[in-house]
$ cat final_24.cif   # mmCIF, C-alpha atoms
data_structure
loop_
_atom_site.label_atom_id
_atom_site.label_comp_id
_atom_site.auth_asym_id
_atom_site.auth_seq_id
_atom_site.Cartn_x
_atom_site.Cartn_y
_atom_site.Cartn_z
CA MET A 481 17.22 -14.82 -10.22
CA LYS A 482 15.19 -17.87 -9.18
CA ILE A 483 16.61 -21.40 -8.89
CA ILE A 484 14.77 -24.54 -7.77
CA SER A 485 17.12 -27.12 -6.28
CA ASN A 486 16.96 -30.63 -7.70
CA SER A 487 18.66 -32.32 -4.73
CA ASP A 488 19.61 -31.93 -1.09
CA GLY A 489 22.86 -30.16 -0.28
CA GLU A 490 24.53 -27.06 1.11
CA LEU A 491 23.73 -23.67 -0.42
CA LEU A 492 27.17 -22.42 -1.50
CA ASN A 493 28.29 -25.72 -3.01
CA TYR A 494 24.97 -26.20 -4.76
CA LEU A 495 25.08 -22.76 -6.39
CA ILE A 496 28.70 -23.21 -7.48
CA GLU A 497 27.78 -26.46 -9.22
CA ASN A 498 24.35 -25.49 -10.55
CA SER A 499 24.49 -21.84 -11.57
CA ASN A 500 26.53 -19.65 -13.88
CA ILE A 501 27.36 -17.24 -11.04
CA SER A 502 31.00 -17.05 -10.06
CA HIS A 503 32.19 -18.39 -6.71
CA LYS A 504 33.23 -14.85 -5.73
CA ASN A 505 29.84 -13.34 -6.57
CA ILE A 506 27.89 -16.04 -4.73
CA LYS A 507 29.90 -15.29 -1.59
CA LYS A 508 29.29 -11.57 -2.11
CA TYR A 509 25.52 -12.06 -2.45
CA LEU A 510 25.51 -14.18 0.70
CA LYS A 511 27.55 -11.63 2.63
CA ASN A 512 25.18 -8.84 1.56
CA GLY A 513 22.06 -10.81 2.48
CA LEU A 514 20.71 -11.02 -1.05
CA ILE A 515 19.93 -14.75 -1.10
CA TYR A 516 16.66 -16.25 0.14
CA VAL A 517 15.81 -19.94 0.47
CA ASP A 518 12.09 -20.70 0.64
CA GLY A 519 11.51 -17.10 1.68
CA VAL A 520 14.13 -17.15 4.44
CA ARG A 521 17.05 -14.75 4.10
CA THR A 522 20.42 -16.35 4.79
CA THR A 523 24.10 -15.43 4.82
CA LYS A 524 25.32 -18.96 5.64
CA TYR A 525 27.49 -20.84 3.12
CA ASN A 526 26.35 -24.18 4.52
CA TYR A 527 22.64 -23.35 4.69
CA PRO A 528 20.85 -26.71 4.16
CA LEU A 529 18.88 -27.21 0.97
CA LYS A 530 16.18 -29.76 0.34
CA LYS A 531 15.06 -31.01 -3.04
CA ASN A 532 12.67 -28.42 -4.58
CA SER A 533 13.89 -25.61 -2.31
CA ILE A 534 13.29 -22.24 -3.99
CA ILE A 535 16.41 -20.05 -4.09
CA ASN A 536 15.94 -16.37 -4.90
CA ILE A 537 19.03 -14.27 -5.58
CA GLU A 538 18.73 -10.49 -5.67
CA THR A 539 21.76 -9.57 -7.78
CA LYS A 540 23.15 -6.06 -7.44
CA LYS A 541 21.86 -5.19 -10.87
CA ASN A 542 18.35 -6.37 -10.05
CA ASN A 543 18.42 -4.87 -6.57
CA SER A 544 19.32 -1.34 -7.67
CA GLY A 545 16.68 1.18 -6.59
CA ARG A 546 14.37 -1.34 -4.98
CA LEU A 547 14.06 -3.61 -1.99
CA PRO A 548 14.71 -7.37 -1.93
CA PHE A 549 11.22 -7.84 -0.45
CA GLU A 550 7.74 -6.51 -1.19
CA ILE A 551 6.54 -3.00 -0.38
CA LEU A 552 2.91 -3.36 0.73
CA TYR A 553 2.21 0.38 0.89
CA GLU A 554 4.08 3.68 0.67
CA ASP A 555 3.13 7.34 0.93
CA ASP A 556 4.83 10.54 2.10
CA ASN A 557 4.75 9.52 5.76
CA ILE A 558 4.91 5.74 6.08
CA ILE A 559 6.25 2.71 4.27
CA VAL A 560 4.90 -0.77 4.98
CA VAL A 561 6.95 -3.79 3.94
CA ASP A 562 6.71 -7.57 3.96
CA LYS A 563 9.71 -8.45 6.14
CA PRO A 564 11.21 -11.88 5.46
CA SER A 565 12.07 -14.36 8.18
CA GLY A 566 15.72 -14.16 9.26
CA LEU A 567 16.03 -10.37 8.97
CA LEU A 568 16.32 -8.10 12.00
CA SER A 569 13.90 -5.18 12.21
CA ILE A 570 16.59 -2.85 13.59
CA ALA A 571 20.28 -2.96 14.46
CA THR A 572 21.68 -4.73 17.52
CA SER A 573 25.09 -4.51 19.15
CA LYS A 574 26.21 -7.41 16.95
CA GLU A 575 24.58 -6.41 13.66
CA LYS A 576 24.32 -2.88 12.27
CA GLU A 577 23.67 -3.16 8.54
CA GLU A 578 21.83 -6.40 7.79
CA THR A 579 18.48 -5.10 9.01
CA CYS A 580 15.11 -4.16 7.55
CA TYR A 581 15.67 -0.60 8.77
CA HIS A 582 18.99 -0.32 6.92
CA LEU A 583 17.65 -1.80 3.67
CA VAL A 584 14.60 0.48 3.68
CA ARG A 585 16.78 3.52 4.45
CA GLU A 586 19.10 2.72 1.53
CA TYR A 587 16.10 2.19 -0.75
CA LEU A 588 14.64 5.58 0.18
CA LYS A 589 18.02 7.31 -0.12
CA SER A 590 18.41 5.91 -3.65
CA LYS A 591 15.37 8.05 -4.53
CA ASN A 592 16.11 11.03 -2.28
CA LYS A 593 19.53 11.50 -0.68
CA ASN A 594 17.95 13.38 2.22
CA ALA A 595 15.41 10.66 3.01
CA LYS A 596 15.10 9.34 6.55
CA VAL A 597 13.35 6.38 8.10
CA PHE A 598 12.23 5.56 11.64
CA ILE A 599 11.11 2.32 13.27
CA ILE A 600 7.53 2.45 14.59
CA HIS A 601 7.21 -1.14 15.84
CA ARG A 602 9.23 -4.35 15.49
CA LEU A 603 8.97 -7.98 14.54
CA ASP A 604 11.27 -10.68 15.89
CA LYS A 605 14.14 -11.52 13.54
CA ASP A 606 12.62 -14.91 12.73
CA THR A 607 9.04 -13.66 12.34
CA SER A 608 8.00 -12.63 8.84
CA GLY A 609 5.26 -10.30 7.69
CA VAL A 610 3.83 -6.78 7.92
CA LEU A 611 6.20 -4.13 9.29
CA MET A 612 5.46 -0.39 9.22
CA LEU A 613 8.13 2.33 9.30
CA ALA A 614 7.88 6.12 9.35
CA LYS A 615 9.50 8.51 6.90
CA ASN A 616 9.72 11.39 9.37
CA GLU A 617 10.05 11.89 13.10
CA TYR A 618 6.62 13.48 13.49
CA THR A 619 4.91 10.37 12.11
CA LYS A 620 7.05 8.09 14.26
CA ASN A 621 6.21 10.03 17.42
CA ILE A 622 2.49 10.26 16.80
CA PHE A 623 2.18 6.52 16.18
CA GLN A 624 4.47 5.42 19.01
CA LYS A 625 2.86 7.68 21.63
CA ASN A 626 -0.63 6.47 20.71
CA TRP A 627 0.15 2.97 19.39
CA ASP A 628 -2.56 1.13 21.35
CA GLU A 629 -5.14 3.67 20.24
CA TYR A 630 -4.27 3.67 16.53
CA VAL A 631 -3.65 -0.05 16.07
CA LYS A 632 -7.00 -1.77 15.72
CA GLU A 633 -5.72 -5.28 15.06
CA ARG A 634 -2.41 -7.13 14.72
CA SER A 635 -2.92 -10.70 13.59
CA TYR A 636 -0.57 -13.60 12.95
CA ILE A 637 -0.68 -17.04 11.44
CA ALA A 638 1.29 -19.66 13.36
CA ILE A 639 1.86 -23.38 13.11
CA VAL A 640 2.36 -25.02 16.48
CA HIS A 641 3.22 -28.53 17.58
CA GLY A 642 0.33 -30.83 18.46
CA LYS A 643 -3.45 -30.50 18.64
CA MET A 644 -4.95 -27.81 20.84
CA GLU A 645 -7.30 -28.91 23.62
CA LYS A 646 -9.48 -25.84 23.09
CA ARG A 647 -10.40 -24.55 19.62
CA GLU A 648 -9.88 -20.99 20.81
CA GLY A 649 -8.69 -19.21 23.90
CA LYS A 650 -7.04 -16.23 25.57
CA LEU A 651 -3.60 -16.50 27.18
CA THR A 652 -2.73 -13.87 29.78
CA TYR A 653 0.73 -13.90 31.36
CA PHE A 654 3.23 -11.52 32.93
CA LEU A 655 6.59 -11.54 31.15
CA LYS A 656 10.09 -10.75 32.35
CA GLU A 657 13.46 -10.96 30.61
CA THR A 658 16.78 -12.42 31.72
CA THR A 659 20.15 -10.72 31.23
CA THR A 660 20.67 -13.11 28.29
CA ASN A 661 17.52 -11.77 26.52
CA LEU A 662 15.38 -14.82 27.26
CA VAL A 663 11.77 -13.93 28.01
CA TYR A 664 9.95 -15.99 30.66
CA ILE A 665 6.64 -16.02 32.52
CA SER A 666 6.72 -14.52 36.00
CA LYS A 667 4.92 -16.64 38.59
CA ASN A 668 4.66 -13.58 40.84
CA LYS A 669 2.85 -11.60 38.12
CA ASP A 670 5.35 -8.76 38.48
CA GLY A 671 6.33 -8.53 34.83
CA LYS A 672 4.73 -6.89 31.79
CA LYS A 673 1.21 -8.08 31.06
CA ALA A 674 0.88 -9.97 27.76
CA ILE A 675 -2.48 -10.98 26.24
CA THR A 676 -2.59 -13.39 23.30
CA ASN A 677 -5.77 -14.71 21.63
CA TYR A 678 -5.79 -17.78 19.39
CA LYS A 679 -8.21 -19.73 17.22
CA VAL A 680 -7.56 -23.05 15.48
CA LEU A 681 -7.91 -22.82 11.71
CA LYS A 682 -6.75 -26.31 10.72
CA GLU A 683 -5.01 -29.26 12.30
CA ASN A 684 -3.56 -32.67 11.54
CA ASP A 685 -1.96 -35.38 13.65
CA ASN A 686 1.21 -33.35 14.18
CA TYR A 687 0.43 -29.64 13.96
CA SER A 688 -2.21 -26.96 14.38
CA LYS A 689 -2.52 -23.82 12.28
CA LEU A 690 -3.62 -20.88 14.44
CA TYR A 691 -5.02 -17.41 13.83
CA ILE A 692 -3.55 -15.23 16.56
CA THR A 693 -4.30 -11.68 17.65
CA ILE A 694 -2.43 -9.79 20.34
CA GLU A 695 -3.79 -7.19 22.71
CA THR A 696 -0.29 -6.23 23.88
CA GLY A 697 2.98 -6.00 21.99
CA ARG A 698 5.52 -7.62 24.30
CA LYS A 699 8.81 -9.09 23.14
CA ASN A 700 8.45 -12.76 22.14
CA GLN A 701 4.99 -12.88 23.73
CA ILE A 702 3.40 -15.27 21.23
CA ARG A 703 6.35 -17.63 21.25
CA VAL A 704 6.63 -17.70 25.06
CA SER A 705 2.87 -18.08 25.57
CA MET A 706 2.52 -20.99 23.13
CA SER A 707 5.59 -22.73 24.54
CA HIS A 708 4.19 -22.38 28.07
CA ILE A 709 1.06 -24.39 27.16
CA ASN A 710 3.24 -27.07 25.53
CA HIS A 711 2.43 -26.07 21.95
CA PRO A 712 5.64 -24.32 20.86
CA ILE A 713 5.70 -22.71 17.45
CA LEU A 714 7.22 -24.90 14.78
CA GLY A 715 10.81 -23.87 14.10
CA ASP A 716 11.28 -22.06 17.43
CA LYS A 717 14.82 -22.83 18.50
CA LYS A 718 14.71 -20.31 21.35
CA TYR A 719 11.62 -21.50 23.22
CA GLY A 720 11.35 -25.01 21.81
CA GLU A 721 13.51 -27.73 20.33
CA ASP A 722 13.31 -27.64 16.58
CA LYS A 723 15.41 -28.17 13.45
CA GLU A 724 13.13 -26.45 10.95
CA LYS A 725 14.78 -23.86 8.71
CA ARG A 726 12.43 -21.07 9.75
CA LEU A 727 10.05 -20.00 12.51
CA PHE A 728 6.45 -20.67 11.46
CA LEU A 729 5.10 -17.35 12.73
CA HIS A 730 3.89 -14.77 10.22
CA ALA A 731 2.42 -11.30 10.83
CA ASN A 732 -0.27 -11.47 8.17
CA ARG A 733 -2.41 -8.42 8.96
CA LEU A 734 -2.07 -4.95 10.47
CA GLU A 735 -5.13 -2.73 10.78
CA ILE A 736 -4.63 0.86 11.89
CA PHE A 737 -6.36 4.18 12.06
CA ASN A 738 -4.01 6.62 10.37
CA PRO A 739 -4.33 9.95 12.24
CA ILE A 740 -2.55 11.83 9.48
CA GLU A 741 -4.75 10.55 6.66
CA LYS A 742 -7.70 10.33 9.08
CA LYS A 743 -8.84 6.95 7.83
CA LYS A 744 -8.66 3.24 8.56
CA MET A 745 -5.94 1.33 6.68
CA VAL A 746 -5.39 -2.41 6.42
CA PHE A 747 -2.15 -4.06 5.28
CA ASN A 748 -2.08 -7.77 4.44
CA SER A 749 0.75 -10.17 3.74
CA LYS A 750 0.27 -13.53 2.04
CA ILE A 751 0.93 -16.61 4.13
CA PRO A 752 4.29 -18.11 3.04
CA ASN A 753 4.01 -21.25 0.90
CA GLU A 754 5.98 -23.35 3.37
CA PHE A 755 3.16 -23.01 5.92
CA ASN A 756 0.83 -24.91 3.58
CA SER A 757 3.36 -27.72 3.25
CA LYS A 758 2.82 -28.53 6.95
CA ILE A 759 -0.99 -28.35 6.98
CA LYS A 760 -2.94 -28.54 3.73
#
$ encode --input "final_24.cif" --output "structure tokens"
Amino acid sequence: MKIISNSDGELLNYLIENSNISHKNIKKYLKNGLIYVDGVRTTKYNYPLKKNSIINIETKKNNSGRLPFEILYEDDNIIVVDKPSGLLSIATSKEKEETCYHLVREYLKSKNKNAKVFIIHRLDKDTSGVLMLAKNEYTKNIFQKNWDEYVKERSYIAIVHGKMEKREGKLTYFLKETTTNLVYISKNKDGKKAITNYKVLKENDNYSKLYITIETGRKNQIRVSMSHINHPILGDKKYGEDKEKRLFLHANRLEIFNPIEKKKMVFNSKIPNEFNSKIK
């Protein structure tokens, strides 16, 4: 179900007043993570709405036997999905079920009760885009053990604050992590090496749209690197100061060599509409 809001407000109250869904069911859909606002998955009753926000509700009836987000590719060994912003890739100590892993597992089990799924790589909770999972342990192991060899390109689209001094560049830092899971740049260069390349696609007085490729896959590396050069990613509440509803970082392309199929494969995800609202 798709609803376009005609005024500002809070999500739960707006849906109660402007839809024919019962109060009880709206709460249930929120609890189960089946409501998306402008592409961002939310479970918050008071999630802020703006006029013309797009609300998508995956009712239980509509959600049966399929995922509440797009499958980009699927075969006997892998499944590639378009993960929305706001959804964990895999469980944490605080959250076990509201994850991409869990939703994909339930989707596969609805078709085959013996189906399994394995995480190959991850995206940050607030990063949207291409995520690949394995359907068997053999596939998981072969990709994870040779990830740098089989991944030919991982690219992202990001919107950052301000205008970049250089139209393109390479950022090389050494990253460490605090006990509170905050990643930072080590001045002693004794952390994990992180290499991030960027190129300016468009800019205006406030923001720059970047095409980013990574040569390493470190936790939060793009976010930390851009923040360090005083161009934090729009919507980054962890490494910047922002009130945007989502993080403007999107994994738009994954190019791999599939050793099982013995061929190159490319998976693309469309840039979310809200990115274009910041830079035309």
$ resolve_selection --input "final_24.cif" --expression "the PyMOL selection byres ((chain A and resi 690-702) around 7)" --output "PyMOL selection string"
chain A and resi 634-639+663+674-681+688-689+703-706
$ write_last_selection --input "final_24.cif" --atoms "C-alpha atoms" --output "CSV table (one decimal), in the coordinates of the input"
chain,number,residue,atom,x,y,z
A,634,ARG,CA,-2.4,-7.1,14.7
A,635,SER,CA,-2.9,-10.7,13.6
A,636,TYR,CA,-0.6,-13.6,13.0
A,637,ILE,CA,-0.7,-17.0,11.4
A,638,ALA,CA,1.3,-19.7,13.4
A,639,ILE,CA,1.9,-23.4,13.1
A,663,VAL,CA,11.8,-13.9,28.0
A,674,ALA,CA,0.9,-10.0,27.8
A,675,ILE,CA,-2.5,-11.0,26.2
A,676,THR,CA,-2.6,-13.4,23.3
A,677,ASN,CA,-5.8,-14.7,21.6
A,678,TYR,CA,-5.8,-17.8,19.4
A,679,LYS,CA,-8.2,-19.7,17.2
A,680,VAL,CA,-7.6,-23.0,15.5
A,681,LEU,CA,-7.9,-22.8,11.7
A,688,SER,CA,-2.2,-27.0,14.4
A,689,LYS,CA,-2.5,-23.8,12.3
A,703,ARG,CA,6.4,-17.6,21.2
A,704,VAL,CA,6.6,-17.7,25.1
A,705,SER,CA,2.9,-18.1,25.6
A,706,MET,CA,2.5,-21.0,23.1
$ closest_residue --input "final_24.cif" --among "A:Lys632, A:Lys511, A:Lys504, A:Lys593" --to "Lys744 in chain A" --atoms "only C-alpha atoms"
A:Lys632
$ residues_around --input "final_24.cif" --residues "Leu603 in chain A" --least-positions-apart "2" --cutoff "10 Å" --atoms "all atoms listed in the file" --output "list in words"
Lys563, Ser565, Leu567, Leu568, Ser569, Ile570, His601, Lys605, Asp606, Thr607, Ser608, Gly609, Val610, Leu611, Met612, Gly697, Lys699, Asn700, His730 and Ala731 of chain A
$ residues_around --input "final_24.cif" --residues "range 483-491 of chain A" --least-positions-apart "3" --cutoff "6 Å" --atoms "only C-alpha atoms" --output "count of residues only"
12
$ atom_distance --input "final_24.cif" --atom1 "CA of Met644 in chain A" --atom2 "CA of Gly720 in chain A"
16.6 Å
$ closest_residue --input "final_24.cif" --among "A:Asp685, A:Asp604, A:Asp670, A:Glu578" --to "Asp716 in chain A" --atoms "all atoms listed in the file"
A:Asp604
$ atom_distance --input "final_24.cif" --atom1 "CA of Cys580 in chain A" --atom2 "CA of Tyr653 in chain A"
29.5 Å
$ closest_residue --input "final_24.cif" --among "A:Leu552, A:Leu583, A:Ile558, A:Leu734" --to "Ile622 in chain A" --atoms "only C-alpha atoms"
A:Ile558
$ atom_distance --input "final_24.cif" --atom1 "CA of Glu735 in chain A" --atom2 "CA of Glu633 in chain A"
5.0 Å
$ closest_residue --input "final_24.cif" --among "A:His708, A:Lys743, A:His503, A:Arg602" --to "Phe654 in chain A" --atoms "all atoms listed in the file"
A:His708
$ residues_around --input "final_24.cif" --residues "Val640 in chain A" --least-positions-apart "6" --cutoff "7 Å" --atoms "all atoms listed in the file" --output "list in words"
Tyr687, Ser688, Lys689, His711, Pro712, Ile713 and Leu714 of chain A
$ closest_residue --input "final_24.cif" --among "A:Leu510, A:Met481, A:Ile599, A:Leu613" --to "Thr523 in chain A" --atoms "only C-alpha atoms"
A:Leu510
$ resolve_selection --input "final_24.cif" --expression "the PyMOL selection byres ((chain A and resi 585-588) around 9)" --output "list in words"
Ser544, Gly545, Arg546, Leu547, Cys580, Tyr581, His582, Leu583, Val584, Lys589, Ser590, Lys591, Asn592, Lys593, Asn594, Ala595, Lys596, Val597, Phe598 and Lys615 of chain A
$ decode --input "final_24.cif" --residues "range 624-660 of chain A" --atoms "N, CA and C atoms" --output "PDB file, in the first residue's frame"
ATOM      1  N   GLN A 624      34.132 -15.321   0.761  1.00  0.00           N
ATOM      2  CA  GLN A 624      34.774 -14.629   1.875  1.00  0.00           C
ATOM      3  C   GLN A 624      36.288 -14.827   1.884  1.00  0.00           C
ATOM      4  N   LYS A 625      36.746 -16.026   1.562  1.00  0.00           N
ATOM      5  CA  LYS A 625      38.187 -16.302   1.595  1.00  0.00           C
ATOM      6  C   LYS A 625      38.940 -15.596   0.464  1.00  0.00           C
ATOM      7  N   ASN A 626      38.210 -15.280  -0.605  1.00  0.00           N
ATOM      8  CA  ASN A 626      38.860 -14.652  -1.768  1.00  0.00           C
ATOM      9  C   ASN A 626      38.140 -13.362  -2.171  1.00  0.00           C
ATOM     10  N   TRP A 627      37.591 -12.658  -1.197  1.00  0.00           N
ATOM     11  CA  TRP A 627      36.749 -11.490  -1.456  1.00  0.00           C
ATOM     12  C   TRP A 627      37.466 -10.438  -2.301  1.00  0.00           C
ATOM     13  N   ASP A 628      38.684 -10.080  -1.932  1.00  0.00           N
ATOM     14  CA  ASP A 628      39.410  -9.038  -2.660  1.00  0.00           C
ATOM     15  C   ASP A 628      39.715  -9.455  -4.090  1.00  0.00           C
ATOM     16  N   GLU A 629      39.855 -10.741  -4.312  1.00  0.00           N
ATOM     17  CA  GLU A 629      40.139 -11.241  -5.658  1.00  0.00           C
ATOM     18  C   GLU A 629      38.891 -11.231  -6.532  1.00  0.00           C
ATOM     19  N   TYR A 630      37.754 -11.626  -5.964  1.00  0.00           N
ATOM     20  CA  TYR A 630      36.536 -11.783  -6.760  1.00  0.00           C
ATOM     21  C   TYR A 630      35.725 -10.502  -6.910  1.00  0.00           C
ATOM     22  N   VAL A 631      35.909  -9.547  -5.998  1.00  0.00           N
ATOM     23  CA  VAL A 631      35.194  -8.278  -6.129  1.00  0.00           C
ATOM     24  C   VAL A 631      36.027  -7.328  -6.977  1.00  0.00           C
ATOM     25  N   LYS A 632      35.485  -6.954  -8.113  1.00  0.00           N
ATOM     26  CA  LYS A 632      36.203  -6.099  -9.047  1.00  0.00           C
ATOM     27  C   LYS A 632      35.923  -4.615  -8.794  1.00  0.00           C
ATOM     28  N   GLU A 633      34.726  -4.317  -8.315  1.00  0.00           N
ATOM     29  CA  GLU A 633      34.414  -2.925  -7.977  1.00  0.00           C
ATOM     30  C   GLU A 633      33.225  -2.855  -7.046  1.00  0.00           C
ATOM     31  N   ARG A 634      33.341  -2.028  -6.009  1.00  0.00           N
ATOM     32  CA  ARG A 634      32.212  -1.682  -5.135  1.00  0.00           C
ATOM     33  C   ARG A 634      32.097  -0.171  -5.171  1.00  0.00           C
ATOM     34  N   SER A 635      31.004   0.331  -5.727  1.00  0.00           N
ATOM     35  CA  SER A 635      30.856   1.781  -5.834  1.00  0.00           C
ATOM     36  C   SER A 635      29.629   2.273  -5.080  1.00  0.00           C
ATOM     37  N   TYR A 636      29.709   3.531  -4.683  1.00  0.00           N
ATOM     38  CA  TYR A 636      28.671   4.180  -3.881  1.00  0.00           C
ATOM     39  C   TYR A 636      28.386   5.562  -4.457  1.00  0.00           C
ATOM     40  N   ILE A 637      27.180   6.018  -4.202  1.00  0.00           N
ATOM     41  CA  ILE A 637      26.825   7.410  -4.435  1.00  0.00           C
ATOM     42  C   ILE A 637      26.602   8.040  -3.064  1.00  0.00           C
ATOM     43  N   ALA A 638      27.217   9.195  -2.848  1.00  0.00           N
ATOM     44  CA  ALA A 638      27.076   9.876  -1.558  1.00  0.00           C
ATOM     45  C   ALA A 638      26.815  11.355  -1.794  1.00  0.00           C
ATOM     46  N   ILE A 639      26.077  11.951  -0.890  1.00  0.00           N
ATOM     47  CA  ILE A 639      25.939  13.406  -0.869  1.00  0.00           C
ATOM     48  C   ILE A 639      26.606  13.889   0.406  1.00  0.00           C
ATOM     49  N   VAL A 640      27.558  14.793   0.245  1.00  0.00           N
ATOM     50  CA  VAL A 640      28.315  15.301   1.386  1.00  0.00           C
ATOM     51  C   VAL A 640      28.079  16.803   1.538  1.00  0.00           C
ATOM     52  N   HIS A 641      28.361  17.285   2.719  1.00  0.00           N
ATOM     53  CA  HIS A 641      28.239  18.722   2.977  1.00  0.00           C
ATOM     54  C   HIS A 641      29.357  19.490   2.276  1.00  0.00           C
ATOM     55  N   GLY A 642      29.000  20.625   1.669  1.00  0.00           N
ATOM     56  CA  GLY A 642      29.983  21.543   1.117  1.00  0.00           C
ATOM     57  C   GLY A 642      30.506  21.177  -0.257  1.00  0.00           C
ATOM     58  N   LYS A 643      31.351  22.057  -0.793  1.00  0.00           N
ATOM     59  CA  LYS A 643      32.009  21.844  -2.079  1.00  0.00           C
ATOM     60  C   LYS A 643      33.412  21.288  -1.847  1.00  0.00           C
ATOM     61  N   MET A 644      33.773  20.298  -2.631  1.00  0.00           N
ATOM     62  CA  MET A 644      35.088  19.685  -2.507  1.00  0.00           C
ATOM     63  C   MET A 644      36.159  20.587  -3.126  1.00  0.00           C
ATOM     64  N   GLU A 645      37.307  20.673  -2.486  1.00  0.00           N
ATOM     65  CA  GLU A 645      38.411  21.443  -3.054  1.00  0.00           C
ATOM     66  C   GLU A 645      38.926  20.791  -4.329  1.00  0.00           C
ATOM     67  N   LYS A 646      39.070  19.466  -4.295  1.00  0.00           N
ATOM     68  CA  LYS A 646      39.545  18.718  -5.458  1.00  0.00           C
ATOM     69  C   LYS A 646      38.381  17.958  -6.078  1.00  0.00           C
ATOM     70  N   ARG A 647      38.326  17.912  -7.404  1.00  0.00           N
ATOM     71  CA  ARG A 647      37.227  17.229  -8.093  1.00  0.00           C
ATOM     72  C   ARG A 647      37.294  15.721  -7.917  1.00  0.00           C
ATOM     73  N   GLU A 648      38.474  15.195  -7.647  1.00  0.00           N
ATOM     74  CA  GLU A 648      38.616  13.778  -7.349  1.00  0.00           C
ATOM     75  C   GLU A 648      39.855  13.560  -6.494  1.00  0.00           C
ATOM     76  N   GLY A 649      39.880  12.440  -5.801  1.00  0.00           N
ATOM     77  CA  GLY A 649      41.013  12.182  -4.933  1.00  0.00           C
ATOM     78  C   GLY A 649      40.967  10.792  -4.321  1.00  0.00           C
ATOM     79  N   LYS A 650      42.053  10.448  -3.645  1.00  0.00           N
ATOM     80  CA  LYS A 650      42.174   9.173  -2.940  1.00  0.00           C
ATOM     81  C   LYS A 650      42.468   9.465  -1.477  1.00  0.00           C
ATOM     82  N   LEU A 651      41.683   8.873  -0.582  1.00  0.00           N
ATOM     83  CA  LEU A 651      41.854   9.060   0.857  1.00  0.00           C
ATOM     84  C   LEU A 651      42.366   7.754   1.450  1.00  0.00           C
ATOM     85  N   THR A 652      43.540   7.812   2.072  1.00  0.00           N
ATOM     86  CA  THR A 652      44.134   6.628   2.678  1.00  0.00           C
ATOM     87  C   THR A 652      44.372   6.886   4.157  1.00  0.00           C
ATOM     88  N   TYR A 653      43.704   6.107   5.004  1.00  0.00           N
ATOM     89  CA  TYR A 653      43.823   6.272   6.450  1.00  0.00           C
ATOM     90  C   TYR A 653      43.951   4.905   7.106  1.00  0.00           C
ATOM     91  N   PHE A 654      44.316   4.930   8.391  1.00  0.00           N
ATOM     92  CA  PHE A 654      44.380   3.712   9.195  1.00  0.00           C
ATOM     93  C   PHE A 654      43.331   3.837  10.299  1.00  0.00           C
ATOM     94  N   LEU A 655      42.410   2.892  10.333  1.00  0.00           N
ATOM     95  CA  LEU A 655      41.243   2.994  11.204  1.00  0.00           C
ATOM     96  C   LEU A 655      41.328   2.067  12.401  1.00  0.00           C
ATOM     97  N   LYS A 656      40.855   2.580  13.536  1.00  0.00           N
ATOM     98  CA  LYS A 656      40.728   1.790  14.759  1.00  0.00           C
ATOM     99  C   LYS A 656      39.317   1.995  15.290  1.00  0.00           C
ATOM    100  N   GLU A 657      38.934   1.210  16.278  1.00  0.00           N
ATOM    101  CA  GLU A 657      37.574   1.271  16.810  1.00  0.00           C
ATOM    102  C   GLU A 657      37.605   1.319  18.330  1.00  0.00           C
ATOM    103  N   THR A 658      36.769   2.181  18.899  1.00  0.00           N
ATOM    104  CA  THR A 658      36.680   2.288  20.352  1.00  0.00           C
ATOM    105  C   THR A 658      35.803   1.172  20.910  1.00  0.00           C
ATOM    106  N   THR A 659      35.780   1.053  22.221  1.00  0.00           N
ATOM    107  CA  THR A 659      34.934   0.033  22.863  1.00  0.00           C
ATOM    108  C   THR A 659      33.452   0.342  22.690  1.00  0.00           C
ATOM    109  N   THR A 660      33.142   1.581  22.292  1.00  0.00           N
ATOM    110  CA  THR A 660      31.743   1.965  22.056  1.00  0.00           C
ATOM    111  C   THR A 660      31.392   1.919  20.565  1.00  0.00           C
TER     112      THR A 660
END
